[in-house]
file data.pdb (PDB, C-alpha atoms)
ATOM      1  CA  MET N  26     -23.887  -8.722   4.772
ATOM      2  CA  GLU N  27     -21.414  -6.666   2.788
ATOM      3  CA  THR N  28     -18.011  -6.129   4.420
ATOM      4  CA  ASN N  29     -16.041  -2.927   4.834
ATOM      5  CA  CYS N  30     -13.201  -2.441   2.415
ATOM      6  CA  TYR N  31      -9.850  -4.023   3.188
ATOM      7  CA  CYS N  32      -8.012  -0.768   2.422
ATOM      8  CA  GLY N  33      -8.949   0.732   5.784
ATOM      9  CA  LYS N  34     -11.672   3.101   4.652
ATOM     10  CA  SER N  35     -15.107   2.716   6.202
ATOM     11  CA  ASP N  36     -16.755   2.307   2.772
ATOM     12  CA  LYS N  37     -18.182  -1.031   1.728
ATOM     13  CA  TYR N  38     -15.785  -3.089  -0.397
ATOM     14  CA  LEU N  39     -18.031  -3.046  -3.494
ATOM     15  CA  ASP N  40     -18.305   0.763  -3.336
ATOM     16  CA  CYS N  41     -14.586   1.252  -2.708
ATOM     17  CA  CYS N  42     -11.801  -0.987  -4.023
ATOM     18  CA  GLY N  43     -14.273  -3.510  -5.421
ATOM     19  CA  ALA N  44     -15.420  -0.956  -8.000
ATOM     20  CA  LEU N  45     -11.818  -0.595  -9.178
ATOM     21  CA  HIS N  46     -11.160  -4.349  -9.130
ATOM     22  CA  THR N  47     -14.175  -4.995 -11.362
ATOM     23  CA  GLY N  48     -13.371  -2.110 -13.721
ATOM     24  CA  MET N  49     -16.576  -0.216 -12.875
ATOM     25  CA  ARG N  50     -14.423   2.865 -12.363
ATOM     26  CA  LYS N  51     -10.775   3.922 -12.383
ATOM     27  CA  ALA N  52      -8.689   5.258  -9.506
ATOM     28  CA  LYS N  53      -8.927   9.042  -9.290
ATOM     29  CA  THR N  54      -5.741   9.467  -7.234
ATOM     30  CA  ALA N  55      -2.477   7.670  -6.601
ATOM     31  CA  GLU N  56      -3.606   6.947  -3.036
ATOM     32  CA  GLU N  57      -6.824   5.371  -4.263
ATOM     33  CA  LEU N  58      -4.845   3.119  -6.611
ATOM     34  CA  MET N  59      -2.440   2.175  -3.813
ATOM     35  CA  ARG N  60      -5.336   1.301  -1.494
ATOM     36  CA  SER N  61      -6.943  -0.812  -4.224
ATOM     37  CA  ARG N  62      -3.643  -2.630  -4.787
ATOM     38  CA  TYR N  63      -3.443  -3.414  -1.060
ATOM     39  CA  SER N  64      -6.989  -4.813  -1.183
ATOM     40  CA  ALA N  65      -5.992  -6.860  -4.233
ATOM     41  CA  PHE N  66      -3.083  -8.341  -2.250
ATOM     42  CA  VAL N  67      -5.491  -9.206   0.572
ATOM     43  CA  MET N  68      -7.781 -10.961  -1.905
ATOM     44  CA  ALA N  69      -4.931 -12.529  -3.933
ATOM     45  CA  ASN N  70      -6.250 -10.731  -7.026
ATOM     46  CA  VAL N  71      -3.012 -11.053  -8.996
ATOM     47  CA  ASP N  72      -4.607 -10.026 -12.288
ATOM     48  CA  TYR N  73      -5.464  -6.614 -10.825
ATOM     49  CA  ILE N  74      -2.055  -6.271  -9.183
ATOM     50  CA  LEU N  75      -0.303  -6.911 -12.502
ATOM     51  CA  LEU N  76      -2.713  -4.695 -14.452
ATOM     52  CA  THR N  77      -1.962  -1.722 -12.200
ATOM     53  CA  TYR N  78       1.803  -1.803 -12.765
ATOM     54  CA  ALA N  79       3.228   0.709 -15.247
ATOM     55  CA  ASP N  80       4.019  -0.917 -18.583
ATOM     56  CA  THR N  81       7.741  -0.311 -18.044
ATOM     57  CA  THR N  82       7.918  -1.980 -14.612
ATOM     58  CA  ARG N  83       5.307  -4.755 -14.828
ATOM     59  CA  PRO N  84       6.982  -7.983 -13.653
ATOM     60  CA  ILE N  85       7.111 -10.631 -16.367
ATOM     61  CA  GLY N  86       6.740 -14.283 -15.390
ATOM     62  CA  GLU N  87       6.113 -13.478 -11.716
ATOM     63  CA  ARG N  88       2.378 -14.150 -11.545
ATOM     64  CA  GLN N  89       2.690 -17.422  -9.626
ATOM     65  CA  ASN N  90       5.287 -16.032  -7.190
ATOM     66  CA  ILE N  91       3.048 -13.051  -6.418
ATOM     67  CA  LEU N  92       0.028 -15.308  -5.978
ATOM     68  CA  ASP N  93       1.923 -17.695  -3.690
ATOM     69  CA  TRP N  94       3.149 -14.846  -1.492
ATOM     70  CA  THR N  95      -0.239 -13.124  -1.222
ATOM     71  CA  LYS N  96      -1.792 -16.404  -0.109
ATOM     72  CA  SER N  97       1.002 -17.183   2.365
ATOM     73  CA  VAL N  98       0.329 -14.163   4.583
ATOM     74  CA  ASP N  99      -2.616 -12.933   6.637
ATOM     75  CA  TRP N 100      -3.121  -9.237   5.969
ATOM     76  CA  LEU N 101      -3.903  -7.233   9.126
ATOM     77  CA  GLY N 102      -4.171  -3.638   7.987
ATOM     78  CA  LEU N 103      -3.034  -0.657   5.988
ATOM     79  CA  GLU N 104      -2.085   2.817   7.152
ATOM     80  CA  VAL N 105      -1.331   5.639   4.737
ATOM     81  CA  LEU N 106       1.417   7.734   6.307
ATOM     82  CA  ASN N 107       1.895  10.474   3.732
ATOM     83  CA  THR N 108       1.069  11.499   0.173
ATOM     84  CA  GLU N 109       2.826  13.875  -2.204
ATOM     85  CA  LYS N 110       0.961  15.015  -5.317
ATOM     86  CA  GLY N 111      -0.959  12.163  -6.937
ATOM     87  CA  ASN N 112      -4.244  14.069  -7.100
ATOM     88  CA  ILE N 113      -6.751  14.162  -9.944
ATOM     89  CA  LEU N 114      -4.901  16.813 -11.970
ATOM     90  CA  ASP N 115      -1.376  15.496 -11.248
ATOM     91  CA  VAL N 116       0.517  13.126 -13.533
ATOM     92  CA  GLU N 117       2.693  11.605 -10.818
ATOM     93  CA  GLY N 118       2.661  11.174  -7.086
ATOM     94  CA  TYR N 119       4.007   9.333  -4.059
ATOM     95  CA  VAL N 120       2.186   7.416  -1.355
ATOM     96  CA  GLU N 121       3.981   6.350   1.794
ATOM     97  CA  PHE N 122       2.285   3.559   3.717
ATOM     98  CA  GLN N 123       2.646   0.773   6.220
ATOM     99  CA  ALA N 124       1.034  -2.631   5.718
ATOM    100  CA  THR N 125       0.877  -5.082   8.600
ATOM    101  CA  TYR N 126       0.578  -8.829   8.120
ATOM    102  CA  LEU N 127       1.297 -12.227   9.668
ATOM    103  CA  GLU N 128       3.787 -14.470   7.917
ATOM    104  CA  GLU N 129       4.560 -17.869   9.398
ATOM    105  CA  GLY N 130       2.912 -16.709  12.624
ATOM    106  CA  LYS N 131       5.162 -13.656  12.954
ATOM    107  CA  ARG N 132       3.772 -10.111  12.799
ATOM    108  CA  GLN N 133       5.507  -8.121  10.054
ATOM    109  CA  LYS N 134       5.356  -4.531   8.831
ATOM    110  CA  LEU N 135       6.115  -3.395   5.323
ATOM    111  CA  TYR N 136       6.992   0.288   4.935
ATOM    112  CA  GLU N 137       6.978   1.659   1.423
ATOM    113  CA  LYS N 138       7.131   4.968  -0.382
ATOM    114  CA  SER N 139       5.511   4.149  -3.725
ATOM    115  CA  PHE N 140       5.862   6.154  -6.923
ATOM    116  CA  PHE N 141       2.858   6.377  -9.259
ATOM    117  CA  GLN N 142       2.405   7.897 -12.714
ATOM    118  CA  LYS N 143      -0.519   8.340 -15.035
ATOM    119  CA  GLU N 144      -0.328   6.166 -18.133
ATOM    120  CA  ASN N 145      -2.954   6.803 -20.811
ATOM    121  CA  GLY N 146      -5.006   8.693 -18.218
ATOM    122  CA  CYS N 147      -4.865   5.875 -15.610
ATOM    123  CA  TRP N 148      -2.827   5.782 -12.419
ATOM    124  CA  ARG N 149      -0.168   3.044 -12.426
ATOM    125  CA  TYR N 150       2.345   1.800  -9.841
ATOM    126  CA  VAL N 151       5.913   2.433 -11.056
ATOM    127  CA  SER N 152       8.199   1.578  -8.156
ATOM    128  CA  GLY N 153       8.725   1.805  -4.436
ATOM    129  CA  GLU N 154      11.381   2.269  -1.813
ATOM    130  CA  TYR N 155      10.511  -0.281   0.803
ATOM    131  CA  SER N 156      11.714  -2.296   3.723
ATOM    132  CA  MET N 157      10.254  -5.055   5.791
ATOM    133  CA  ASP N 158      12.557  -4.292   8.701
ATOM    134  CA  GLU N 159      13.408  -0.611   8.179
ATOM    135  CA  LYS N 160      13.107   1.652  11.163
ATOM    136  CA  PRO N 161       9.941   3.686  10.639
ATOM    137  CA  GLU N 162      11.683   6.989  11.333
ATOM    138  CA  LYS N 163      13.677   6.589   8.101
ATOM    139  CA  LEU N 164      10.464   6.664   6.086
ATOM    140  CA  HIS N 165       8.149   8.473   8.465
ATOM    141  CA  GLY N 166      10.284  10.815  10.595
ATOM    142  CA  ARG N 167      10.942  10.945  14.335
ATOM    143  CA  ASN N 168       8.878  14.125  14.815
ATOM    144  CA  LYS N 169       5.771  12.935  12.999
ATOM    145  CA  PRO N 170       2.861  11.135  14.674
ATOM    146  CA  CYS N 171       3.686   7.562  15.641
ATOM    147  CA  TYR N 172       2.580   4.902  13.194
ATOM    148  CA  CYS N 173       0.964   2.910  16.016
ATOM    149  CA  GLY N 174      -1.846   5.471  16.230
ATOM    150  CA  SER N 175      -1.174   6.628  19.803
ATOM    151  CA  GLY N 176      -1.286  10.301  18.834
ATOM    152  CA  LYS N 177       2.209  10.876  20.266
ATOM    153  CA  LYS N 178       5.261  11.756  18.208
ATOM    154  CA  TYR N 179       7.198   8.696  17.077
ATOM    155  CA  LYS N 180      10.292   9.681  19.119
ATOM    156  CA  LYS N 181       8.141   9.859  22.293
ATOM    157  CA  CYS N 182       6.342   6.586  21.625
ATOM    158  CA  CYS N 183       7.537   3.457  19.770
ATOM    159  CA  PHE N 184      11.019   4.881  19.156
ATOM    160  CA  ARG N 185      11.471   5.253  22.922
ATOM    161  CA  ASN N 186      10.155   1.725  23.578
ATOM    162  CA  LYS N 187      12.806  -0.064  21.496
TER     163      LYS N 187
END
call {"tool": "encode", "arguments": {"input": "data.pdb", "output": "structure tokens"}}
result
Amino acid sequence: METNCYCGKSDKYLDCCGALHTGMRKAKTAEELMRSRYSAFVMANVDYILLTYADTTRPIGERQNILDWTKSVDWLGLEVLNTEKGNILDVEGYVEFQATYLEEGKRQKLYEKSFFQKENGCWRYVSGEYSMDEKPEKLHGRNKPCYCGSGKKYKKCCFRNK
């Protein structure tokens, strides 16, 4: 039985991020590339992770460190919080997301606003502003829907429960 994609979409993995991982097709948007990178982290597909960096920011000599970290955590889920540009006709864009994972038995959340650019017609990850302990309102906003999925505004939900 084929599993749903790790990126959070209801598509089957082979029809979604798997098609990008195998090179059957290229990401059409910055968000699609970001989702495929998340799935690559889940699967410890370091070759794909490194391939999807921009040439100017690709980490050199970090393959083993990336692999070790991806294998040391249990990935729990991805939520895209916001996108700016990054569509088919754009040449750059931002994707803000939250990834949840277990590390050493402790639930963690990574918040990141990633910057993507097209390089030779392909979307590539350039950089990101991120935090593993940042308050979500700094990246997501107190008046936006809460990241927990309750449907309430953040300030009326998880912000209030601190």
call {"tool": "closest_residue", "arguments": {"input": "data.pdb", "among": "N:Trp94, N:Tyr31, N:Tyr73, N:Tyr126", "to": "Arg149 in chain N", "atoms": "all atoms listed in the file"}}
result
N:Tyr73
call {"tool": "atom_distance", "arguments": {"input": "data.pdb", "atom1": "CA of Val116 in chain N", "atom2": "CA of Thr54 in chain N"}}
result
9.6 Å
call {"tool": "resolve_selection", "arguments": {"input": "data.pdb", "expression": "the PyMOL selection byres ((chain N and resi 66-68) around 10)", "output": "JSON, numbers by chain"}}
result
{"N": [31, 32, 60, 61, 62, 63, 64, 65, 69, 70, 71, 73, 74, 91, 92, 94, 95, 96, 98, 99, 100, 101, 102, 126]}
call {"tool": "atom_distance", "arguments": {"input": "data.pdb", "atom1": "CA of Glu144 in chain N", "atom2": "CA of Glu117 in chain N"}}
result
9.6 Å
call {"tool": "closest_residue", "arguments": {"input": "data.pdb", "among": "N:Ala124, N:Cys30, N:Leu103, N:Leu114", "to": "Trp148 in chain N", "atoms": "all atoms listed in the file"}}
result
N:Leu114
